[in-house]
Amino acid sequence: MGEVSKLLADYGPAFGQALLLTWKLTALSFVPGFLLGMVVTVLRLLPLPPLRFVLTGYVEIFRNIPSVALLIFIVFALPDLNVLIDYEPSVILTLMLVCSAFTADYLRAGINTIPGGQMEAALSLGMRPIRVIYSIVLPQALRAVVQPLTSLLIALMLSTSLASQVPFPGRELTALVSKIANDSAAGIAAFAVAAAIYVATGLLIAWAGATLEKKVRILR
Amino acid sequence: MSRPLEEILFGNPRPQVQAAMRAVSVAAAALLLLLAAGVAFRFHTAGQLDARFWEFFAWPTTWAFLATGLLGTLASAAMAAAIALALGLVLLLGRLAPLRLVRWPSIAVIEFLRGTPTLLLIYVCFLVLPQAGIKLSTYWMLTLPVGLSTAAVVAEVYRAGVLAVPRGQTDAARSLGMTEAQVFFLIVFPQALRYIVPALVAQLVIVVKDTTFGYVVTYGELMQNAKVLIANYHALVPVYLVVALLYCLVNYAISSASKRLGGPMH
């Protein structure tokens, strides 16, 4: 315990900043990733074969590519194609792309839980297919995927640790721990503090997700 | 659901709508092709289509080297998966134990391993353990953390499976005079496994992805070997594209297998 309090005295503010950066990266990649995933889901429903084909490829690629490989490609290979993206936007872009692919996949599964009769009923009331999608299909699909999206958000939060793989000016938690472990012998204490913060953040997200889930879920 | 949603929504449009859809389809295809052409042109102007960036892919040595990397990836992933399956079972038994003294530490370990990034655990094995005088090989520096963090997830997957086994099974087994161990290992767990095979296989994708961190500890897996290739040929874009494609193919194969296994078991 003595080690931890000494560590916090030395690096307390640094840990605070690292935590804020971790949260910021998580939020900035989840929100656009989620919205993009929703757009991809809707576009994949449209009866346009070429678009469907390309978007299915998009989802499969970004669901299956390791995030690190994607990040390294964006940071180190894209400059060779004259596309220069700064380190922080690169991390956010990586996580956003991966998040959008998983969101699209989960939403599709959520859509499959809706009984087909609902759509038939809506159509027979004279609704246009697009109207059916955004007022019947999407709201129910969204309510069905709260739990997987909560897991996705936690996974995304843990994935922000890969920001430590690029020379970032700011340090998120994992980068901070590796720096402390390099500089001093306080590695174990630093690791314990960072792990506690990650676990606490994850539990917080899980609790928020479970609360939301209880409110919006549809019992079938 | 009897018919897929797309068919219900757009199943039998009127002729004019059908014609319009076809026109939009063609337009979309043209747009996407234009986009692809734009990307190809970008490669061309950046000089990335030059022969010197691609010719080494015609050499068998390049592929042998990438295959070695892929084997390294698979060796690490397989061992990590084995650790996860075994340790996950131990954690599950602890999690389900009636004794609080066993249950609470198990929950703590599961939450800790599940809630910590694998990369952070790798850094512990890589930077912190040597300070404490424990020296691991690069293989274990990668495999152990990946296995540990997967074990916690697997324990939760197991638990979901065990909870899904109907309670009557347990009661019937007990009334036949089986011991608790027999009930669990002969009746409940085998059935639980059947429910969760797809989830376990899907978890394998995450293990393969996590082994990408091998280059952090310079273990010779696919990503690390890609870095070596790049250092030799200065061909970042082609090598990373090929490696990304290899990862996608391996993981896509695993996820398709998991979807095929996902059919009803009873």
# chains A, B, ... in the order shown; residues from 1 in each chain; ligands from 1

call {"tool": "interface_residues", "arguments": {"of": "chain B", "to": "chain A", "cutoff": "7 Å", "atoms": "only C-alpha atoms", "output": "PyMOL selection string"}}
result
chain B and resi 1+5-6+8-10+25+28-29+42-43+46+112+115-117+119-120+123+127-128+209+212+236-237+240+244+247-248+251-252

call {"tool": "residues_around", "arguments": {"residues": "B:Leu89", "least_positions_apart": "2", "cutoff": "12 Å", "atoms": "only C-alpha atoms", "output": "PyMOL selection string"}}
result
chain B and resi 82-87+91-96+106+110+150-159+161-162+184-185+189+192-193

call {"tool": "write_last_selection", "arguments": {"atoms": "C-alpha atoms", "output": "PDB file, in the first residue's frame"}}
result
ATOM      1  CA  ALA B  82      -5.808 -24.249 -24.332  1.00  0.00           C
ATOM      2  CA  ILE B  83      -4.852 -22.192 -21.260  1.00  0.00           C
ATOM      3  CA  ALA B  84      -8.127 -20.305 -21.504  1.00  0.00           C
ATOM      4  CA  LEU B  85     -10.256 -23.459 -21.775  1.00  0.00           C
ATOM      5  CA  ALA B  86      -8.564 -25.142 -18.805  1.00  0.00           C
ATOM      6  CA  LEU B  87      -8.202 -22.126 -16.534  1.00  0.00           C
ATOM      7  CA  LEU B  91     -12.495 -20.192 -12.586  1.00  0.00           C
ATOM      8  CA  LEU B  92     -16.014 -21.413 -13.366  1.00  0.00           C
ATOM      9  CA  LEU B  93     -15.852 -24.054 -10.626  1.00  0.00           C
ATOM     10  CA  GLY B  94     -14.637 -21.377  -8.211  1.00  0.00           C
ATOM     11  CA  ARG B  95     -17.371 -19.014  -9.392  1.00  0.00           C
ATOM     12  CA  LEU B  96     -20.075 -21.637  -8.787  1.00  0.00           C
ATOM     13  CA  SER B 106     -12.882 -16.275  -8.168  1.00  0.00           C
ATOM     14  CA  ILE B 110     -12.545 -13.034 -13.353  1.00  0.00           C
ATOM     15  CA  THR B 150      -9.355 -15.057 -22.471  1.00  0.00           C
ATOM     16  CA  ALA B 151      -9.751 -17.519 -19.569  1.00  0.00           C
ATOM     17  CA  ALA B 152     -11.868 -15.001 -17.678  1.00  0.00           C
ATOM     18  CA  VAL B 153     -14.137 -14.461 -20.671  1.00  0.00           C
ATOM     19  CA  VAL B 154     -14.354 -18.217 -21.263  1.00  0.00           C
ATOM     20  CA  ALA B 155     -15.313 -18.722 -17.597  1.00  0.00           C
ATOM     21  CA  GLU B 156     -18.271 -16.380 -18.121  1.00  0.00           C
ATOM     22  CA  VAL B 157     -19.207 -18.139 -21.361  1.00  0.00           C
ATOM     23  CA  TYR B 158     -19.101 -21.498 -19.549  1.00  0.00           C
ATOM     24  CA  ARG B 159     -21.301 -20.058 -16.828  1.00  0.00           C
ATOM     25  CA  GLY B 161     -23.918 -22.420 -20.740  1.00  0.00           C
ATOM     26  CA  VAL B 162     -24.255 -24.063 -17.327  1.00  0.00           C
ATOM     27  CA  PHE B 184     -21.413 -31.484 -12.888  1.00  0.00           C
ATOM     28  CA  PHE B 185     -18.907 -33.349 -15.051  1.00  0.00           C
ATOM     29  CA  PHE B 189     -21.043 -29.516 -18.212  1.00  0.00           C
ATOM     30  CA  ALA B 192     -23.481 -26.724 -21.345  1.00  0.00           C
ATOM     31  CA  LEU B 193     -20.592 -27.167 -23.796  1.00  0.00           C
TER      32      LEU B 193
END

call {"tool": "select_by_dssp", "arguments": {"residues": "stretch 31-153 of chain A", "states": "alpha helix (DSSP H)", "output": "PDB file with C-alpha atoms, in the first residue's frame"}}
result
ATOM      1  CA  VAL A  31     -20.373   7.716 -30.859  1.00  0.00           C
ATOM      2  CA  PRO A  32     -19.391   8.130 -34.537  1.00  0.00           C
ATOM      3  CA  GLY A  33     -18.721   4.387 -34.794  1.00  0.00           C
ATOM      4  CA  PHE A  34     -22.213   3.633 -33.526  1.00  0.00           C
ATOM      5  CA  LEU A  35     -23.841   6.144 -35.889  1.00  0.00           C
ATOM      6  CA  LEU A  36     -21.819   4.859 -38.852  1.00  0.00           C
ATOM      7  CA  GLY A  37     -22.786   1.300 -37.938  1.00  0.00           C
ATOM      8  CA  MET A  38     -26.444   2.322 -37.955  1.00  0.00           C
ATOM      9  CA  VAL A  39     -26.079   3.914 -41.413  1.00  0.00           C
ATOM     10  CA  VAL A  40     -24.334   0.782 -42.717  1.00  0.00           C
ATOM     11  CA  THR A  41     -27.111  -1.410 -41.301  1.00  0.00           C
ATOM     12  CA  VAL A  42     -29.836   0.602 -43.038  1.00  0.00           C
ATOM     13  CA  LEU A  43     -27.942   0.805 -46.331  1.00  0.00           C
ATOM     14  CA  ARG A  44     -27.466  -2.959 -46.261  1.00  0.00           C
ATOM     15  CA  LEU A  45     -31.235  -3.414 -46.104  1.00  0.00           C
ATOM     16  CA  PRO A  49     -26.917  -5.500 -54.728  1.00  0.00           C
ATOM     17  CA  PRO A  50     -23.626  -3.658 -55.427  1.00  0.00           C
ATOM     18  CA  LEU A  51     -23.971  -1.565 -52.269  1.00  0.00           C
ATOM     19  CA  ARG A  52     -24.892  -4.615 -50.197  1.00  0.00           C
ATOM     20  CA  PHE A  53     -21.918  -6.524 -51.535  1.00  0.00           C
ATOM     21  CA  VAL A  54     -19.453  -3.746 -50.716  1.00  0.00           C
ATOM     22  CA  LEU A  55     -20.911  -3.088 -47.264  1.00  0.00           C
ATOM     23  CA  THR A  56     -20.875  -6.780 -46.372  1.00  0.00           C
ATOM     24  CA  GLY A  57     -17.209  -6.756 -47.324  1.00  0.00           C
ATOM     25  CA  TYR A  58     -16.727  -3.654 -45.170  1.00  0.00           C
ATOM     26  CA  VAL A  59     -18.316  -5.282 -42.128  1.00  0.00           C
ATOM     27  CA  GLU A  60     -16.399  -8.550 -42.522  1.00  0.00           C
ATOM     28  CA  ILE A  61     -13.072  -6.786 -43.038  1.00  0.00           C
ATOM     29  CA  PHE A  62     -13.296  -4.482 -40.028  1.00  0.00           C
ATOM     30  CA  ARG A  63     -14.804  -7.176 -37.808  1.00  0.00           C
ATOM     31  CA  ASN A  64     -11.967  -9.578 -38.529  1.00  0.00           C
ATOM     32  CA  SER A  67      -7.226  -3.363 -34.410  1.00  0.00           C
ATOM     33  CA  VAL A  68      -3.460  -3.073 -33.982  1.00  0.00           C
ATOM     34  CA  ALA A  69      -2.848  -4.140 -37.561  1.00  0.00           C
ATOM     35  CA  LEU A  70      -5.382  -1.542 -38.713  1.00  0.00           C
ATOM     36  CA  LEU A  71      -3.861   1.194 -36.543  1.00  0.00           C
ATOM     37  CA  ILE A  72      -0.339   0.439 -37.749  1.00  0.00           C
ATOM     38  CA  TYR A  87      -1.714  10.074 -34.253  1.00  0.00           C
ATOM     39  CA  GLU A  88      -4.768  10.831 -32.144  1.00  0.00           C
ATOM     40  CA  PRO A  89      -7.236  10.932 -35.076  1.00  0.00           C
ATOM     41  CA  SER A  90      -5.627   7.698 -36.329  1.00  0.00           C
ATOM     42  CA  VAL A  91      -6.432   5.913 -33.078  1.00  0.00           C
ATOM     43  CA  ILE A  92      -9.971   7.285 -33.089  1.00  0.00           C
ATOM     44  CA  LEU A  93     -10.459   6.371 -36.756  1.00  0.00           C
ATOM     45  CA  THR A  94      -9.232   2.809 -36.127  1.00  0.00           C
ATOM     46  CA  LEU A  95     -11.552   2.236 -33.192  1.00  0.00           C
ATOM     47  CA  MET A  96     -14.427   3.950 -34.981  1.00  0.00           C
ATOM     48  CA  LEU A  97     -14.159   1.685 -38.041  1.00  0.00           C
ATOM     49  CA  VAL A  98     -13.999  -1.447 -35.888  1.00  0.00           C
ATOM     50  CA  CYS A  99     -16.885  -0.212 -33.735  1.00  0.00           C
ATOM     51  CA  SER A 100     -19.053   0.539 -36.783  1.00  0.00           C
ATOM     52  CA  ALA A 101     -18.526  -2.963 -38.181  1.00  0.00           C
ATOM     53  CA  PHE A 102     -19.500  -4.640 -34.906  1.00  0.00           C
ATOM     54  CA  THR A 103     -22.466  -2.292 -34.438  1.00  0.00           C
ATOM     55  CA  ALA A 104     -23.714  -3.170 -37.925  1.00  0.00           C
ATOM     56  CA  ASP A 105     -23.347  -6.868 -37.150  1.00  0.00           C
ATOM     57  CA  TYR A 106     -25.192  -6.650 -33.805  1.00  0.00           C
ATOM     58  CA  LEU A 107     -27.963  -4.439 -35.214  1.00  0.00           C
ATOM     59  CA  ARG A 108     -28.538  -6.948 -37.987  1.00  0.00           C
ATOM     60  CA  ALA A 109     -28.916  -9.660 -35.347  1.00  0.00           C
ATOM     61  CA  GLY A 110     -31.245  -7.332 -33.417  1.00  0.00           C
ATOM     62  CA  ILE A 111     -33.366  -6.842 -36.531  1.00  0.00           C
ATOM     63  CA  ASN A 112     -33.679 -10.612 -36.867  1.00  0.00           C
ATOM     64  CA  GLY A 116     -41.860 -10.569 -39.682  1.00  0.00           C
ATOM     65  CA  GLY A 117     -45.584 -10.021 -39.140  1.00  0.00           C
ATOM     66  CA  GLN A 118     -44.847  -6.545 -37.812  1.00  0.00           C
ATOM     67  CA  MET A 119     -43.301  -5.468 -41.088  1.00  0.00           C
ATOM     68  CA  GLU A 120     -46.096  -7.046 -43.104  1.00  0.00           C
ATOM     69  CA  ALA A 121     -48.635  -5.262 -40.918  1.00  0.00           C
ATOM     70  CA  ALA A 122     -46.859  -1.930 -41.335  1.00  0.00           C
ATOM     71  CA  LEU A 123     -46.691  -2.345 -45.117  1.00  0.00           C
ATOM     72  CA  SER A 124     -50.335  -3.292 -45.305  1.00  0.00           C
ATOM     73  CA  PRO A 129     -40.481   0.513 -46.777  1.00  0.00           C
ATOM     74  CA  ILE A 130     -38.140   3.352 -45.697  1.00  0.00           C
ATOM     75  CA  ARG A 131     -40.731   4.529 -43.174  1.00  0.00           C
ATOM     76  CA  VAL A 132     -41.070   0.947 -41.896  1.00  0.00           C
ATOM     77  CA  LEU A 138     -34.727   0.432 -36.111  1.00  0.00           C
ATOM     78  CA  PRO A 139     -36.306   1.391 -32.775  1.00  0.00           C
ATOM     79  CA  GLN A 140     -36.944  -2.246 -31.874  1.00  0.00           C
ATOM     80  CA  ALA A 141     -33.547  -3.401 -33.137  1.00  0.00           C
ATOM     81  CA  LEU A 142     -31.832  -0.725 -31.037  1.00  0.00           C
ATOM     82  CA  ARG A 143     -33.679  -1.841 -27.919  1.00  0.00           C
ATOM     83  CA  ALA A 144     -32.655  -5.437 -28.583  1.00  0.00           C
ATOM     84  CA  VAL A 146     -28.311  -2.727 -25.633  1.00  0.00           C
ATOM     85  CA  GLN A 147     -26.464  -5.631 -24.041  1.00  0.00           C
ATOM     86  CA  PRO A 148     -24.078  -6.492 -26.905  1.00  0.00           C
ATOM     87  CA  LEU A 149     -23.419  -2.786 -27.447  1.00  0.00           C
ATOM     88  CA  THR A 150     -22.533  -2.439 -23.757  1.00  0.00           C
ATOM     89  CA  SER A 151     -19.970  -5.220 -24.178  1.00  0.00           C
ATOM     90  CA  LEU A 152     -18.742  -3.515 -27.330  1.00  0.00           C
ATOM     91  CA  LEU A 153     -18.293  -0.224 -25.476  1.00  0.00           C
TER      92      LEU A 153
END
